[in-house]
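Q: For reference, this is structure_39.txt, and it has compact mmCIF, C-alpha atoms.
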# COMPACT_ATOMS: atom_id res chain seq x y z
CA VAL U 1 -55.61 -24.61 -36.30
CA TYR U 2 -55.43 -27.73 -38.41
CA VAL U 3 -57.41 -30.80 -37.31
CA ASP U 4 -56.99 -34.16 -39.06
CA GLN U 5 -59.59 -36.94 -39.40
CA ALA U 6 -58.36 -38.61 -36.19
CA GLY U 7 -59.00 -35.42 -34.22
CA GLU U 8 -55.31 -34.55 -33.78
CA ARG U 9 -54.46 -30.91 -34.20
CA GLN U 10 -51.61 -28.61 -35.01
CA ILE U 11 -51.75 -25.02 -33.86
CA VAL U 12 -49.92 -22.26 -35.69
CA ASN U 13 -50.11 -18.92 -33.94
CA PHE U 14 -48.59 -15.50 -33.54
CA ARG U 15 -48.57 -14.39 -29.94
CA GLY U 16 -48.41 -10.76 -30.93
CA SER U 17 -46.57 -7.88 -29.40
CA GLY U 18 -47.55 -4.85 -27.42
CA LEU U 19 -49.01 -6.62 -24.40
CA ALA U 20 -49.31 -4.47 -21.32
CA GLU U 21 -46.07 -4.74 -19.40
CA ASP U 22 -47.33 -3.93 -15.91
CA PRO U 23 -47.78 -7.29 -14.15
CA ASP U 24 -49.50 -5.84 -11.07
CA TRP U 25 -53.06 -6.06 -12.39
CA PRO U 26 -53.67 -9.47 -10.69
CA GLU U 27 -53.57 -7.66 -7.33
CA HIS U 28 -56.93 -6.14 -8.19
CA ALA U 29 -58.60 -9.44 -9.08
CA PRO U 30 -61.25 -10.89 -6.76
CA GLU U 31 -60.13 -13.36 -4.09
CA PRO U 32 -59.46 -16.58 -6.01
CA ASP U 33 -59.81 -20.14 -4.77
CA ALA U 34 -56.99 -21.13 -7.16
CA VAL U 35 -54.77 -19.41 -9.72
CA LEU U 36 -53.94 -20.92 -13.13
CA VAL U 37 -51.22 -19.41 -15.35
CA ASP U 38 -49.35 -20.36 -18.51
CA SER U 39 -46.09 -19.34 -20.17
CA ARG U 40 -47.30 -16.48 -22.35
CA TRP U 41 -46.57 -13.61 -19.93
CA PRO U 42 -43.93 -14.66 -17.39
CA ALA U 43 -43.93 -11.43 -15.34
CA ALA U 44 -47.70 -11.58 -14.79
CA ALA U 45 -47.55 -15.34 -14.14
CA ILE U 46 -44.94 -14.80 -11.44
CA ARG U 47 -47.00 -12.03 -9.85
CA ALA U 48 -50.19 -14.12 -9.92
CA LEU U 49 -48.41 -17.12 -8.38
CA GLU U 50 -46.95 -14.92 -5.64
CA LEU U 51 -50.46 -13.67 -4.88
CA ALA U 52 -51.74 -17.26 -4.79
CA ARG U 53 -49.05 -18.16 -2.27
CA ALA U 54 -49.80 -15.07 -0.16
CA ARG U 55 -53.51 -15.96 -0.17
CA ASP U 56 -52.75 -19.65 0.55
CA VAL U 57 -54.53 -20.99 -2.53
CA PRO U 58 -53.19 -23.37 -5.19
CA GLY U 59 -51.02 -21.73 -7.84
CA ILE U 60 -50.99 -23.92 -10.95
CA VAL U 61 -48.80 -23.63 -14.05
CA ASP U 62 -49.85 -25.03 -17.42
CA ALA U 63 -46.23 -25.74 -18.41
CA GLU U 64 -45.39 -25.79 -22.08
CA ALA U 65 -41.95 -26.16 -23.65
CA SER U 66 -41.24 -22.46 -23.28
CA THR U 67 -42.09 -22.00 -19.59
CA GLU U 68 -39.37 -20.25 -17.61
CA GLU U 69 -38.06 -21.95 -14.48
CA SER U 70 -38.61 -18.71 -12.55
CA VAL U 71 -42.35 -19.22 -13.14
CA LEU U 72 -42.32 -22.94 -12.34
CA ALA U 73 -40.44 -22.38 -9.07
CA ARG U 74 -43.24 -20.20 -7.69
CA ALA U 75 -46.05 -22.70 -8.30
CA SER U 76 -47.62 -25.05 -5.80
CA HIS U 77 -48.57 -27.31 -8.75
CA VAL U 78 -46.90 -27.68 -12.16
CA ALA U 79 -48.71 -29.69 -14.83
CA PHE U 80 -46.42 -30.12 -17.82
CA SER U 81 -47.34 -31.15 -21.32
CA ARG U 82 -45.16 -34.06 -22.48
CA ASP U 83 -43.09 -31.71 -24.65
CA GLY U 84 -42.86 -29.18 -21.85
CA LEU U 85 -41.57 -31.77 -19.39
CA LEU U 86 -38.98 -33.21 -21.77
CA SER U 87 -37.81 -29.70 -22.69
CA PHE U 88 -37.49 -28.72 -19.02
CA ALA U 89 -35.92 -31.89 -17.61
CA GLY U 90 -34.25 -33.36 -20.68
CA GLY U 91 -34.27 -36.95 -21.80
CA LYS U 92 -36.85 -38.94 -23.67
CA GLN U 93 -38.56 -40.94 -20.93
CA ILE U 94 -41.44 -39.45 -18.96
CA GLU U 95 -40.61 -41.27 -15.72
CA ALA U 96 -37.00 -40.05 -15.49
CA ALA U 97 -37.93 -36.53 -16.61
CA LEU U 98 -40.78 -36.30 -14.11
CA HIS U 99 -38.51 -37.40 -11.25
CA ALA U 100 -35.90 -34.84 -12.36
CA ALA U 101 -38.52 -32.08 -12.42
CA ASP U 102 -39.77 -33.17 -9.00
CA GLU U 103 -36.25 -32.81 -7.60
CA ARG U 104 -35.72 -29.37 -9.19
CA LEU U 105 -39.05 -27.78 -8.30
CA PRO U 106 -40.53 -27.12 -4.86
CA GLY U 107 -44.15 -27.86 -5.84
CA TRP U 108 -46.14 -30.92 -6.90
CA VAL U 109 -45.42 -31.98 -10.50
CA ALA U 110 -47.37 -33.88 -13.14
CA VAL U 111 -47.35 -34.44 -16.87
CA THR U 112 -50.26 -34.91 -19.24
CA ASP U 113 -49.69 -37.33 -22.11
CA GLY U 114 -52.87 -37.29 -24.19
CA ALA U 115 -54.40 -40.73 -24.69
CA ASP U 116 -51.83 -42.19 -22.28
CA GLY U 117 -53.31 -40.22 -19.39
CA ALA U 118 -51.37 -38.31 -16.76
CA PHE U 119 -48.48 -39.10 -14.46
CA HIS U 120 -47.40 -37.49 -11.21
CA VAL U 121 -44.93 -38.15 -8.44
CA GLY U 122 -46.58 -39.25 -5.21
CA ALA U 123 -45.17 -40.05 -1.79
CA ASP U 124 -44.55 -43.64 -2.87
CA GLY U 125 -43.29 -43.04 -6.40
CA LEU U 126 -44.67 -42.47 -9.86
CA LYS U 127 -48.45 -42.54 -10.19
CA HIS U 128 -50.31 -43.09 -13.46
CA THR U 129 -53.90 -42.00 -13.97
CA PRO U 130 -55.14 -43.53 -17.23
CA ALA U 131 -57.03 -41.49 -19.78
CA PHE U 132 -60.67 -42.38 -20.36
CA ALA U 133 -61.22 -44.29 -23.60
CA VAL U 134 -63.31 -42.18 -25.96
CA GLU U 135 -63.61 -41.73 -29.71
CA ALA U 136 -61.68 -38.50 -30.24
CA LYS U 137 -63.17 -36.14 -32.79
CA ASP U 138 -61.18 -33.02 -31.91
CA THR U 139 -58.32 -32.67 -29.40
CA LEU U 140 -58.08 -28.89 -29.80
CA GLY U 141 -58.32 -27.35 -26.35
CA ALA U 142 -58.12 -30.65 -24.47
CA GLY U 143 -55.05 -29.50 -22.56
CA ASP U 144 -56.69 -26.21 -21.65
CA ILE U 145 -59.80 -28.05 -20.46
CA TRP U 146 -57.58 -30.44 -18.47
CA HIS U 147 -55.75 -27.61 -16.70
CA GLY U 148 -58.96 -25.68 -16.00
CA ALA U 149 -60.68 -28.75 -14.55
CA PHE U 150 -57.59 -29.59 -12.48
CA ALA U 151 -57.54 -26.04 -11.08
CA LEU U 152 -61.27 -26.21 -10.34
CA ALA U 153 -60.90 -29.49 -8.46
CA LEU U 154 -58.03 -28.08 -6.37
CA ALA U 155 -60.06 -24.92 -5.71
CA GLU U 156 -62.82 -27.19 -4.41
CA LYS U 157 -60.28 -28.78 -2.02
CA SER U 158 -59.89 -32.10 -3.86
CA ASP U 159 -56.63 -33.97 -3.42
CA GLU U 160 -54.30 -34.20 -6.40
CA CYS U 161 -55.24 -37.80 -7.32
CA HIS U 162 -58.93 -36.90 -7.55
CA ALA U 163 -58.13 -33.64 -9.35
CA VAL U 164 -56.13 -35.51 -12.02
CA ARG U 165 -58.93 -38.02 -12.60
CA PHE U 166 -61.50 -35.20 -12.75
CA ALA U 167 -59.32 -33.34 -15.27
CA ASN U 168 -58.79 -36.49 -17.35
CA ALA U 169 -62.56 -36.95 -17.55
CA ALA U 170 -63.15 -33.33 -18.57
CA ALA U 171 -60.50 -33.53 -21.29
CA ALA U 172 -61.84 -36.86 -22.57
CA LEU U 173 -65.37 -35.48 -22.87
CA LYS U 174 -64.07 -32.40 -24.66
CA CYS U 175 -62.41 -34.62 -27.27
CA THR U 176 -65.73 -36.26 -28.18
CA GLU U 177 -67.07 -33.02 -29.70
CA PHE U 178 -65.75 -31.14 -32.71
CA GLY U 179 -65.26 -27.42 -32.44
CA GLY U 180 -62.62 -26.51 -29.86
CA ARG U 181 -64.19 -25.05 -26.75
CA LYS U 182 -67.69 -26.00 -27.91
CA GLY U 183 -66.80 -29.43 -26.58
CA CYS U 184 -66.19 -28.18 -23.04
CA PRO U 185 -68.45 -30.29 -20.83
CA ASP U 186 -70.70 -28.76 -18.20
CA ARG U 187 -70.53 -29.96 -14.61
CA GLU U 188 -73.59 -32.21 -14.87
CA ALA U 189 -72.23 -34.06 -17.92
CA LEU U 190 -68.84 -34.40 -16.27
CA GLU U 191 -70.25 -35.82 -13.03
CA GLN U 192 -72.43 -38.26 -14.98
CA PHE U 193 -69.43 -39.38 -17.06
CA LEU U 194 -67.39 -39.95 -13.90
CA GLN U 195 -70.21 -42.01 -12.34
CA GLU U 196 -70.54 -44.12 -15.47
CA ASN U 197 -66.77 -44.71 -15.56
CA THR U 198 -66.06 -45.60 -11.95
Would you give me this structure, written as structure tokens?
A:
Amino acid sequence: VYVDQAGERQIVNFRGSGLAEDPDWPEHAPEPDAVLVDSRWPAAAIRALELARARDVPGIVDAEASTEESVLARASHVAFSRDGLLSFAGGKQIEAALHAADERLPGWVAVTDGADGAFHVGADGLKHTPAFAVEAKDTLGAGDIWHGAFALALAEKSDECHAVRFANAAAALKCTEFGGRKGCPDREALEQFLQENT
């Protein structure tokens, strides 16, 4: 992971080989209040999302550029990265790409766009939830924090608009600390930040 002085990062990784191929292990997990998956293991992601649907809990995909449509189609909620959305729907404009994704997928769709906040399609059109203005020291893990906080808010029965704002706040706080996940805020700090930024 390379982090520049402005807190922007570039991740270079090797995802490895030899992962277990049996995707049925999620069946043995405790009863979840929400399920969050990414693109790294499509067979397990599909199985976990099917279990979420069967248990009537939110099934959320952290959608990167490489996420298969077979995974996205099983989610109740898809939260794309900007690159993931543009790769999936084509084009260069978030609004058009988000509407295209909304038409192709059965679930709720959103896109995170760093300092520009998040966008989702609501009943009355495109919604924008601005990012919180903070001095970013390290953006590493901000997307992961965003998706985890979004899943938590949905698990706690928040509506999507509140869940996006909650996730934006968690990601913003994370960016104020250097050191990847060391910047992950606890619930008390997050609630205080939200109160101070109402």
Q: Need the shell around U:Ala54: protein/DNA/RNA residues with any atom at most 12 Å away, counting all atoms listed in the file. Skip same-chain ones fewer than 2 positions apart. Format as number ranges by chain?
A: U: 27, 31-32, 34-35, 47-52, 56-59, 74-76
Q: Considering all atoms listed in the file, can you say which of U:Ile60, U:Leu126, U:Ala45, U:Ala167 comes closest to U:Ala96?
A: U:Leu126
Q: I'd like the neighbourhood of U:Ile145 as a PDB file with C-alpha atoms, keeping the file's coordinate frame, where a residue qualifies if any of its atoms comes within 10 Å (using only C-alpha atoms), though same-chain residues fewer than 5 positions away should be ignored.
A:
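Final output, selection.pdb:
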ATOM      1  CA  LEU U 140     -58.080 -28.890 -29.800  1.00  0.00           C
ATOM      2  CA  PHE U 150     -57.590 -29.590 -12.480  1.00  0.00           C
ATOM      3  CA  ALA U 151     -57.540 -26.040 -11.080  1.00  0.00           C
ATOM      4  CA  ALA U 167     -59.320 -33.340 -15.270  1.00  0.00           C
ATOM      5  CA  ASN U 168     -58.790 -36.490 -17.350  1.00  0.00           C
ATOM      6  CA  ALA U 169     -62.560 -36.950 -17.550  1.00  0.00           C
ATOM      7  CA  ALA U 170     -63.150 -33.330 -18.570  1.00  0.00           C
ATOM      8  CA  ALA U 171     -60.500 -33.530 -21.290  1.00  0.00           C
ATOM      9  CA  ALA U 172     -61.840 -36.860 -22.570  1.00  0.00           C
ATOM     10  CA  LEU U 173     -65.370 -35.480 -22.870  1.00  0.00           C
ATOM     11  CA  LYS U 174     -64.070 -32.400 -24.660  1.00  0.00           C
ATOM     12  CA  CYS U 175     -62.410 -34.620 -27.270  1.00  0.00           C
ATOM     13  CA  GLY U 180     -62.620 -26.510 -29.860  1.00  0.00           C
ATOM     14  CA  ARG U 181     -64.190 -25.050 -26.750  1.00  0.00           C
ATOM     15  CA  GLY U 183     -66.800 -29.430 -26.580  1.00  0.00           C
ATOM     16  CA  CYS U 184     -66.190 -28.180 -23.040  1.00  0.00           C
ATOM     17  CA  PRO U 185     -68.450 -30.290 -20.830  1.00  0.00           C
TER      18      PRO U 185
END
Q: U:Arg40: which residues within 10 Å, counting only C-alpha atoms, same-chain residues fewer than 2 positions away excluded, as an mmCIF file with C-alpha atoms, keeping the file's coordinate frame?
A:
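Okay, selection-v4.cif is ready:
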data_model
loop_
_atom_site.group_PDB
_atom_site.id
_atom_site.type_symbol
_atom_site.label_atom_id
_atom_site.label_comp_id
_atom_site.auth_asym_id
_atom_site.auth_seq_id
_atom_site.Cartn_x
_atom_site.Cartn_y
_atom_site.Cartn_z
ATOM 1 C CA ARG U 15 -48.570 -14.390 -29.940
ATOM 2 C CA VAL U 37 -51.220 -19.410 -15.350
ATOM 3 C CA ASP U 38 -49.350 -20.360 -18.510
ATOM 4 C CA PRO U 42 -43.930 -14.660 -17.390
ATOM 5 C CA ALA U 43 -43.930 -11.430 -15.340
ATOM 6 C CA ALA U 44 -47.700 -11.580 -14.790
ATOM 7 C CA ALA U 45 -47.550 -15.340 -14.140
ATOM 8 C CA GLU U 64 -45.390 -25.790 -22.080
ATOM 9 C CA SER U 66 -41.240 -22.460 -23.280
ATOM 10 C CA THR U 67 -42.090 -22.000 -19.590
ATOM 11 C CA GLU U 68 -39.370 -20.250 -17.610
#
Q: When you draw a straight line from atom CA of U:Phe119 to atom CA of U:Ala97, how long is it in Å?
A: 11.1 Å
